[in-house]
$ cat entry08.txt   # compact mmCIF, C-alpha atoms
# COMPACT_ATOMS: atom_id res chain seq x y z
CA MET A 260 13.99 -23.50 14.44
CA THR A 261 13.08 -22.33 17.91
CA SER A 262 10.93 -19.31 18.57
CA GLU A 263 10.35 -17.17 21.59
CA LYS A 264 6.88 -17.78 22.98
CA LYS A 265 4.73 -14.66 22.70
CA SER A 266 2.17 -13.73 25.34
CA VAL A 267 -1.37 -12.81 24.41
CA GLU A 268 -0.51 -9.17 25.14
CA GLN A 269 2.26 -9.35 22.51
CA LEU A 270 -0.11 -10.80 19.90
CA ILE A 271 -2.96 -8.30 20.21
CA VAL A 272 -2.86 -4.65 19.25
CA ASP A 273 -5.29 -1.76 18.86
CA PRO A 274 -4.38 -0.65 15.32
CA LYS A 275 -5.20 2.99 15.97
CA SER A 276 -2.78 3.00 18.93
CA ILE A 277 0.12 2.49 16.50
CA ALA A 278 1.59 5.79 15.35
CA PRO A 279 0.78 6.16 11.66
CA ASP A 280 3.42 6.30 8.97
CA SER A 281 2.33 9.28 6.85
CA GLY A 282 5.47 9.55 4.74
CA SER A 283 6.32 8.33 1.28
CA LEU A 284 9.28 6.55 -0.28
CA TYR A 285 8.37 8.05 -3.67
CA PRO A 286 10.86 10.66 -4.86
CA PRO A 287 9.61 14.23 -5.41
CA PRO A 288 7.32 15.25 -6.98
CA PHE A 289 5.57 11.86 -6.78
CA ASP A 290 5.62 11.87 -2.96
CA LYS A 291 2.75 14.39 -3.11
CA ILE A 292 0.45 11.69 -4.57
CA VAL A 293 0.11 10.09 -1.12
CA GLN A 294 -0.32 13.19 1.03
CA ARG A 295 -3.04 12.64 3.65
CA ARG A 296 -2.51 8.84 3.56
CA HIS A 297 -1.70 7.35 6.95
CA ARG A 298 -0.63 3.71 7.43
CA HIS A 299 -0.81 2.00 10.80
CA ARG A 300 1.70 -0.83 10.23
CA LEU A 301 0.29 -3.82 12.10
CA SER A 302 2.72 -6.57 11.07
CA PRO A 303 5.78 -5.27 12.93
CA ALA A 304 3.69 -4.43 15.99
CA ILE A 305 2.66 -8.07 16.43
CA GLY A 306 5.77 -9.75 15.05
CA LEU A 307 4.62 -10.84 11.57
CA SER A 308 7.37 -11.00 8.96
CA LYS A 309 6.04 -13.11 6.05
CA PHE A 310 3.41 -10.60 4.94
CA GLY A 311 2.44 -7.01 5.58
CA VAL A 312 -0.82 -5.80 7.09
CA ASN A 313 -1.63 -2.11 7.34
CA LEU A 314 -4.70 -0.27 8.54
CA VAL A 315 -4.80 2.65 6.13
CA HIS A 316 -6.57 5.95 6.75
CA LEU A 317 -7.28 8.08 3.67
CA GLU A 318 -8.42 11.60 4.39
CA PRO A 319 -10.82 13.15 1.85
CA GLY A 320 -8.99 13.67 -1.43
CA ALA A 321 -6.14 11.27 -0.54
CA ASN A 322 -4.71 8.39 -2.59
CA SER A 323 -3.22 5.09 -1.42
CA SER A 324 -0.40 5.24 -3.95
CA ALA A 325 0.30 6.07 -7.55
CA ARG A 326 -1.59 3.65 -9.79
CA HIS A 327 0.69 0.60 -10.03
CA TRP A 328 1.04 -3.16 -10.42
CA HIS A 329 3.53 -5.71 -9.08
CA THR A 330 5.32 -8.54 -10.88
CA GLU A 331 5.57 -10.72 -7.74
CA GLN A 332 3.43 -9.30 -4.93
CA ASP A 333 -0.19 -10.21 -4.35
CA GLU A 334 -2.22 -7.42 -2.73
CA PHE A 335 -5.60 -7.41 -0.99
CA VAL A 336 -7.71 -4.54 0.37
CA TYR A 337 -10.80 -4.64 2.59
CA VAL A 338 -12.80 -1.46 3.26
CA VAL A 339 -13.46 -1.10 6.99
CA SER A 340 -15.38 2.18 6.79
CA GLY A 341 -16.19 4.88 4.29
CA THR A 342 -16.47 4.74 0.52
CA ALA A 343 -13.31 4.29 -1.51
CA MET A 344 -12.80 4.47 -5.23
CA LEU A 345 -10.77 1.72 -6.90
CA VAL A 346 -8.98 3.16 -9.95
CA THR A 347 -7.85 0.65 -12.60
CA ASP A 348 -7.33 0.49 -16.35
CA GLU A 349 -11.11 0.14 -16.72
CA GLY A 350 -11.85 3.35 -14.80
CA GLU A 351 -13.29 3.87 -11.32
CA THR A 352 -15.29 1.40 -9.22
CA GLU A 353 -16.82 2.27 -5.85
CA LEU A 354 -15.82 0.11 -2.88
CA GLY A 355 -18.10 0.51 0.12
CA GLN A 356 -17.75 -0.69 3.68
CA GLY A 357 -17.25 -4.47 3.80
CA MET A 358 -16.12 -4.76 0.18
CA ALA A 359 -12.79 -6.30 -0.82
CA ALA A 360 -10.53 -6.29 -3.87
CA GLY A 361 -7.51 -8.36 -4.82
CA PHE A 362 -4.61 -7.71 -7.14
CA PRO A 363 -2.75 -10.86 -8.21
CA ALA A 364 0.96 -10.60 -8.92
CA GLY A 365 1.78 -10.21 -12.59
CA ASN A 366 -1.59 -8.74 -13.62
CA PRO A 367 -0.63 -5.57 -15.54
CA ASN A 368 -3.85 -3.75 -14.58
CA GLY A 369 -2.57 -0.82 -12.51
CA HIS A 370 -4.58 -0.08 -9.37
CA GLN A 371 -4.96 2.65 -6.78
CA VAL A 372 -7.40 3.32 -3.93
CA ALA A 373 -8.64 6.90 -3.77
CA ASN A 374 -10.93 8.79 -1.42
CA ARG A 375 -13.19 10.96 -3.57
CA SER A 376 -15.67 11.48 -0.72
CA ASP A 377 -15.96 14.10 2.04
CA GLU A 378 -15.58 11.42 4.74
CA ASP A 379 -12.54 9.48 5.94
CA VAL A 380 -11.87 6.03 4.46
CA TRP A 381 -10.28 3.23 6.51
CA TYR A 382 -9.19 -0.02 4.88
CA LEU A 383 -6.95 -3.00 5.49
CA GLU A 384 -4.08 -3.49 3.06
CA ILE A 385 -2.44 -6.92 2.99
CA GLY A 386 0.39 -8.18 0.82
CA ASP A 387 3.26 -10.61 0.77
CA ARG A 388 6.82 -9.33 0.83
CA PRO A 389 8.77 -10.47 -2.22
CA GLN A 390 12.50 -9.87 -1.97
CA ARG A 391 12.80 -9.23 -5.70
CA GLU A 392 10.24 -7.74 -8.04
CA ASP A 393 9.47 -4.83 -10.32
CA VAL A 394 6.67 -2.36 -9.82
CA THR A 395 5.22 -0.51 -12.80
CA TYR A 396 3.48 2.89 -12.58
CA PRO A 397 1.59 3.30 -15.89
CA ASP A 398 0.55 6.94 -15.42
CA ILE A 399 3.82 8.56 -14.30
CA ASP A 400 7.57 8.49 -15.06
CA LEU A 401 8.45 6.17 -12.18
CA ALA A 402 9.81 2.64 -11.93
CA ASN A 403 10.63 0.60 -8.83
CA ALA A 404 13.07 -2.30 -8.80
CA VAL A 405 12.78 -4.08 -5.44
CA ARG A 406 15.99 -5.93 -4.64
CA GLU A 407 16.65 -7.74 -1.35
CA GLY A 408 13.33 -6.34 -0.16
CA ARG A 409 14.38 -2.72 -0.68
CA PRO A 410 12.74 -0.40 -3.21
CA HIS A 411 14.86 1.48 -5.73
CA PHE A 412 13.01 4.20 -7.63
CA THR A 413 14.19 5.48 -11.01
CA HIS A 414 12.72 7.16 -14.04
CA LYS A 415 11.24 4.66 -16.52
CA ASP A 416 14.35 4.99 -18.71
CA GLY A 417 16.46 3.83 -15.72
CA SER A 418 18.00 7.21 -14.94
CA GLU A 419 18.28 8.26 -11.31
CA PHE A 420 16.32 11.03 -9.63
CA ASP A 421 18.28 14.09 -8.58
CA ASP A 422 18.66 14.40 -4.82

$ encode --input "entry08.txt" --output "structure tokens"
Amino acid sequence: MTSEKKSVEQLIVDPKSIAPDSGSLYPPPFDKIVQRRHRHRLSPAIGLSKFGVNLVHLEPGANSSARHWHTEQDEFVYVVSGTAMLVTDEGETELGQGMAAGFPAGNPNGHQVANRSDEDVWYLEIGDRPQREDVTYPDIDLANAVREGRPHFTHKDGSEFDD
């Protein structure tokens, strides 16, 4: 396999110069869970395709996602600045600047990063990109069947959301 040689300028990026993705793929009303979450998607900006890297900005009161777990995807977070709250089955654990947490695929302990503080939180979010997996959301009526790398959200009973 041949690749196009990338220059140093193509391999380096200021993460905050990348326009943030502040939207959500969650169907309503679950899309409101991630209001005030902003992802600077680094992987596409520097040509990475095997795993995703995002610099995430959580405004005060914001959540990273609905609490969830993956059957196939490993996830890793590293707090760059601020104080985040990791929410799991065991409750809430504070993650300060320089702390990291990992979520191995298949571990049914749902997780979420939340900003319960009055200051902004910035963290790195890294995960592989399985083409097929299921994502479980233990606290809400939402299921996600990822097929060919694309999410498909339904109610837990498999019924579709109304458009």

$ closest_residue --input "entry08.txt" --among "A:Thr347, A:Thr330, A:Ser376, A:Ser324" --to "Leu284 (chain A)" --atoms "all atoms listed in the file"
A:Ser324

$ closest_residue --input "entry08.txt" --among "A:Pro410, A:Pro397, A:Pro288, A:Pro274" --to "Trp381 (chain A)" --atoms "all atoms listed in the file"
A:Pro274

$ residues_around --input "entry08.txt" --residues "Asn403 (chain A)" --least-positions-apart "5" --cutoff "6 Å" --atoms "all atoms listed in the file" --output "VMD selection string"
chain A and resid 393 to 394 411 to 412

$ atom_distance --input "entry08.txt" --atom1 "CA of Ala404 (chain A)" --atom2 "CA of Phe420 (chain A)"
13.7 Å

$ closest_residue --input "entry08.txt" --among "A:Thr352, A:Ser283, A:Ser340, A:Asn313" --to "Ala325 (chain A)" --atoms "only C-alpha atoms"
A:Ser283

$ residues_around --input "entry08.txt" --residues "Gly386 (chain A)" --least-positions-apart "3" --cutoff "9 Å" --atoms "all atoms listed in the file" --output "PyMOL selection string"
chain A and resi 310-312+332-336

$ write_last_selection --input "entry08.txt" --atoms "C-alpha atoms" --output "CSV table (one decimal), in the coordinates of the input"
chain,number,residue,atom,x,y,z
A,310,PHE,CA,3.4,-10.6,4.9
A,311,GLY,CA,2.4,-7.0,5.6
A,312,VAL,CA,-0.8,-5.8,7.1
A,332,GLN,CA,3.4,-9.3,-4.9
A,333,ASP,CA,-0.2,-10.2,-4.4
A,334,GLU,CA,-2.2,-7.4,-2.7
A,335,PHE,CA,-5.6,-7.4,-1.0
A,336,VAL,CA,-7.7,-4.5,0.4

$ closest_residue --input "entry08.txt" --among "A:Gly282, A:Gly341, A:Gly357, A:Pro367" --to "Pro319 (chain A)" --atoms "only C-alpha atoms"
A:Gly341

$ residues_near_point --input "entry08.txt" --point "(-6.4, -8.1, -6.3)" --cutoff "12 Å" --atoms "all atoms listed in the file" --output "PyMOL selection string"
chain A and resi 327-329+332-337+345+347+359-372+384-386

$ closest_residue --input "entry08.txt" --among "A:Ser276, A:Gly408, A:Ala343, A:His414" --to "Thr395 (chain A)" --atoms "only C-alpha atoms"
A:His414

$ residues_around --input "entry08.txt" --residues "Arg296 (chain A)" --least-positions-apart "2" --cutoff "12 Å" --atoms "all atoms listed in the file" --output "PyMOL selection string"
chain A and resi 279-283+290-294+298-299+313-325+372-374+379-382

$ atom_distance --input "entry08.txt" --atom1 "CA of Leu401 (chain A)" --atom2 "CA of Ala278 (chain A)"
28.4 Å

$ atom_distance --input "entry08.txt" --atom1 "CA of Lys275 (chain A)" --atom2 "CA of Leu354 (chain A)"
21.8 Å

$ closest_residue --input "entry08.txt" --among "A:Glu263, A:Glu331, A:Asp273, A:Glu268" --to "Asp387 (chain A)" --atoms "only C-alpha atoms"
A:Glu331

$ decode --input "entry08.txt" --residues "region 271-410 of chain A" --atoms "C-alpha atoms" --output "mmCIF file, in the first residue's frame"
data_model
loop_
_atom_site.group_PDB
_atom_site.id
_atom_site.type_symbol
_atom_site.label_atom_id
_atom_site.label_comp_id
_atom_site.auth_asym_id
_atom_site.auth_seq_id
_atom_site.Cartn_x
_atom_site.Cartn_y
_atom_site.Cartn_z
ATOM 1 C CA ILE A 271 0.440 19.362 13.285
ATOM 2 C CA VAL A 272 -2.689 21.210 14.334
ATOM 3 C CA ASP A 273 -3.753 23.668 17.015
ATOM 4 C CA PRO A 274 -6.807 21.820 18.381
ATOM 5 C CA LYS A 275 -8.644 25.003 19.294
ATOM 6 C CA SER A 276 -8.291 26.236 15.698
ATOM 7 C CA ILE A 277 -10.596 23.407 14.555
ATOM 8 C CA ALA A 278 -14.228 24.476 14.515
ATOM 9 C CA PRO A 279 -16.007 22.539 17.259
ATOM 10 C CA ASP A 280 -18.773 20.063 16.579
ATOM 11 C CA SER A 281 -21.445 21.038 19.117
ATOM 12 C CA GLY A 282 -24.235 18.888 17.732
ATOM 13 C CA SER A 283 -25.579 15.507 18.721
ATOM 14 C CA LEU A 284 -26.552 12.361 16.854
ATOM 15 C CA TYR A 285 -28.924 11.432 19.689
ATOM 16 C CA PRO A 286 -32.591 11.687 18.725
ATOM 17 C CA PRO A 287 -34.785 14.162 20.642
ATOM 18 C CA PRO A 288 -35.213 14.511 23.553
ATOM 19 C CA PHE A 289 -31.868 12.838 24.319
ATOM 20 C CA ASP A 290 -29.926 15.352 22.202
ATOM 21 C CA LYS A 291 -30.398 17.852 25.052
ATOM 22 C CA ILE A 292 -28.131 15.716 27.291
ATOM 23 C CA VAL A 293 -25.054 17.001 25.424
ATOM 24 C CA GLN A 294 -25.926 20.681 25.116
ATOM 25 C CA ARG A 295 -22.868 22.849 25.831
ATOM 26 C CA ARG A 296 -20.484 20.020 24.826
ATOM 27 C CA HIS A 297 -18.075 20.994 22.059
ATOM 28 C CA ARG A 298 -15.773 18.487 20.320
ATOM 29 C CA HIS A 299 -12.738 19.581 18.345
ATOM 30 C CA ARG A 300 -12.243 16.506 16.135
ATOM 31 C CA LEU A 301 -8.486 16.114 15.774
ATOM 32 C CA SER A 302 -8.254 12.808 13.890
ATOM 33 C CA PRO A 303 -9.686 14.008 10.569
ATOM 34 C CA ALA A 304 -7.691 17.236 10.764
ATOM 35 C CA ILE A 305 -4.394 15.331 10.773
ATOM 36 C CA GLY A 306 -5.429 12.329 8.688
ATOM 37 C CA LEU A 307 -5.892 9.625 11.350
ATOM 38 C CA SER A 308 -8.456 6.967 10.490
ATOM 39 C CA LYS A 309 -7.823 3.989 12.823
ATOM 40 C CA PHE A 310 -8.892 5.775 16.006
ATOM 41 C CA GLY A 311 -10.632 8.961 17.038
ATOM 42 C CA VAL A 312 -9.133 11.772 19.095
ATOM 43 C CA ASN A 313 -11.219 14.715 20.235
ATOM 44 C CA LEU A 314 -10.416 17.704 22.400
ATOM 45 C CA VAL A 315 -13.678 18.152 24.280
ATOM 46 C CA HIS A 316 -14.826 21.360 25.941
ATOM 47 C CA LEU A 317 -17.580 21.004 28.552
ATOM 48 C CA GLU A 318 -19.148 24.236 29.679
ATOM 49 C CA PRO A 319 -20.391 24.356 33.294
ATOM 50 C CA GLY A 320 -23.344 21.992 33.663
ATOM 51 C CA ALA A 321 -22.560 20.078 30.441
ATOM 52 C CA ASN A 322 -22.274 16.310 29.905
ATOM 53 C CA SER A 323 -20.059 14.363 27.508
ATOM 54 C CA SER A 324 -22.834 11.946 26.587
ATOM 55 C CA ALA A 325 -25.615 9.936 28.117
ATOM 56 C CA ARG A 326 -24.151 7.356 30.492
ATOM 57 C CA HIS A 327 -23.222 4.411 28.244
ATOM 58 C CA TRP A 328 -20.934 1.463 27.560
ATOM 59 C CA HIS A 329 -19.640 -0.154 24.355
ATOM 60 C CA THR A 330 -19.433 -3.827 23.401
ATOM 61 C CA GLU A 331 -16.397 -3.332 21.123
ATOM 62 C CA GLN A 332 -14.919 0.147 21.592
ATOM 63 C CA ASP A 333 -12.216 0.992 24.096
ATOM 64 C CA GLU A 334 -12.371 4.593 25.340
ATOM 65 C CA PHE A 335 -9.850 6.767 27.162
ATOM 66 C CA VAL A 336 -10.157 10.269 28.631
ATOM 67 C CA TYR A 337 -7.443 12.595 29.939
ATOM 68 C CA VAL A 338 -8.377 15.824 31.744
ATOM 69 C CA VAL A 339 -6.387 18.737 30.315
ATOM 70 C CA SER A 340 -7.885 21.443 32.536
ATOM 71 C CA GLY A 341 -10.690 21.886 35.013
ATOM 72 C CA THR A 342 -12.398 19.396 37.278
ATOM 73 C CA ALA A 343 -14.658 16.784 35.710
ATOM 74 C CA MET A 344 -16.955 14.301 37.352
ATOM 75 C CA LEU A 345 -16.852 10.699 36.142
ATOM 76 C CA VAL A 346 -20.308 9.136 36.569
ATOM 77 C CA THR A 347 -20.439 5.317 36.677
ATOM 78 C CA ASP A 348 -22.517 2.568 38.271
ATOM 79 C CA GLU A 349 -20.633 3.230 41.521
ATOM 80 C CA GLY A 350 -21.556 6.924 41.608
ATOM 81 C CA GLU A 351 -19.427 10.013 40.976
ATOM 82 C CA THR A 352 -15.632 10.307 41.073
ATOM 83 C CA GLU A 353 -13.772 13.583 40.631
ATOM 84 C CA LEU A 354 -11.195 13.761 37.840
ATOM 85 C CA GLY A 355 -8.825 16.708 38.135
ATOM 86 C CA GLN A 356 -6.311 18.123 35.715
ATOM 87 C CA GLY A 357 -3.818 15.461 34.613
ATOM 88 C CA MET A 358 -6.031 12.519 35.609
ATOM 89 C CA ALA A 359 -7.063 9.800 33.162
ATOM 90 C CA ALA A 360 -9.738 7.111 32.980
ATOM 91 C CA GLY A 361 -10.230 4.152 30.674
ATOM 92 C CA PHE A 362 -13.291 2.203 29.657
ATOM 93 C CA PRO A 363 -12.508 -1.237 28.197
ATOM 94 C CA ALA A 364 -14.858 -2.640 25.580
ATOM 95 C CA GLY A 365 -17.426 -5.049 26.969
ATOM 96 C CA ASN A 366 -17.367 -3.701 30.545
ATOM 97 C CA PRO A 367 -21.062 -3.073 31.318
ATOM 98 C CA ASN A 368 -20.299 -0.223 33.743
ATOM 99 C CA GLY A 369 -21.912 2.773 32.049
ATOM 100 C CA HIS A 370 -19.850 5.967 32.113
ATOM 101 C CA GLN A 371 -20.256 9.667 31.458
ATOM 102 C CA VAL A 372 -18.077 12.743 32.010
ATOM 103 C CA ALA A 373 -19.928 15.689 33.534
ATOM 104 C CA ASN A 374 -18.945 19.220 34.448
ATOM 105 C CA ARG A 375 -20.497 19.979 37.836
ATOM 106 C CA SER A 376 -18.193 22.969 38.405
ATOM 107 C CA ASP A 377 -18.482 26.675 37.569
ATOM 108 C CA GLU A 378 -15.375 26.505 35.337
ATOM 109 C CA ASP A 379 -14.850 25.047 31.868
ATOM 110 C CA VAL A 380 -13.503 21.503 31.561
ATOM 111 C CA TRP A 381 -11.238 20.446 28.678
ATOM 112 C CA TYR A 382 -10.306 16.811 28.134
ATOM 113 C CA LEU A 383 -8.973 14.482 25.465
ATOM 114 C CA GLU A 384 -11.271 11.678 24.356
ATOM 115 C CA ILE A 385 -9.672 8.784 22.479
ATOM 116 C CA GLY A 386 -11.268 5.628 21.130
ATOM 117 C CA ASP A 387 -10.966 3.068 18.400
ATOM 118 C CA ARG A 388 -13.564 2.910 15.648
ATOM 119 C CA PRO A 389 -15.276 -0.472 15.524
ATOM 120 C CA GLN A 390 -17.377 -1.019 12.423
ATOM 121 C CA ARG A 391 -19.902 -3.130 14.312
ATOM 122 C CA GLU A 392 -20.915 -2.880 17.941
ATOM 123 C CA ASP A 393 -23.779 -2.157 20.292
ATOM 124 C CA VAL A 394 -23.910 0.722 22.733
ATOM 125 C CA THR A 395 -26.057 0.454 25.857
ATOM 126 C CA TYR A 396 -27.502 3.459 27.722
ATOM 127 C CA PRO A 397 -28.581 2.128 31.146
ATOM 128 C CA ASP A 398 -30.413 5.251 32.347
ATOM 129 C CA ILE A 399 -32.566 6.125 29.314
ATOM 130 C CA ASP A 400 -34.723 4.450 26.639
ATOM 131 C CA LEU A 401 -32.024 4.489 23.965
ATOM 132 C CA ALA A 402 -30.050 1.816 22.129
ATOM 133 C CA ASN A 403 -27.404 2.216 19.426
ATOM 134 C CA ALA A 404 -26.522 -0.492 16.924
ATOM 135 C CA VAL A 405 -23.401 0.589 15.037
ATOM 136 C CA ARG A 406 -23.225 -1.123 11.654
ATOM 137 C CA GLU A 407 -20.569 -0.390 9.020
ATOM 138 C CA GLY A 408 -19.336 2.357 11.334
ATOM 139 C CA ARG A 409 -22.676 4.187 11.350
ATOM 140 C CA PRO A 410 -24.825 4.607 14.463
#
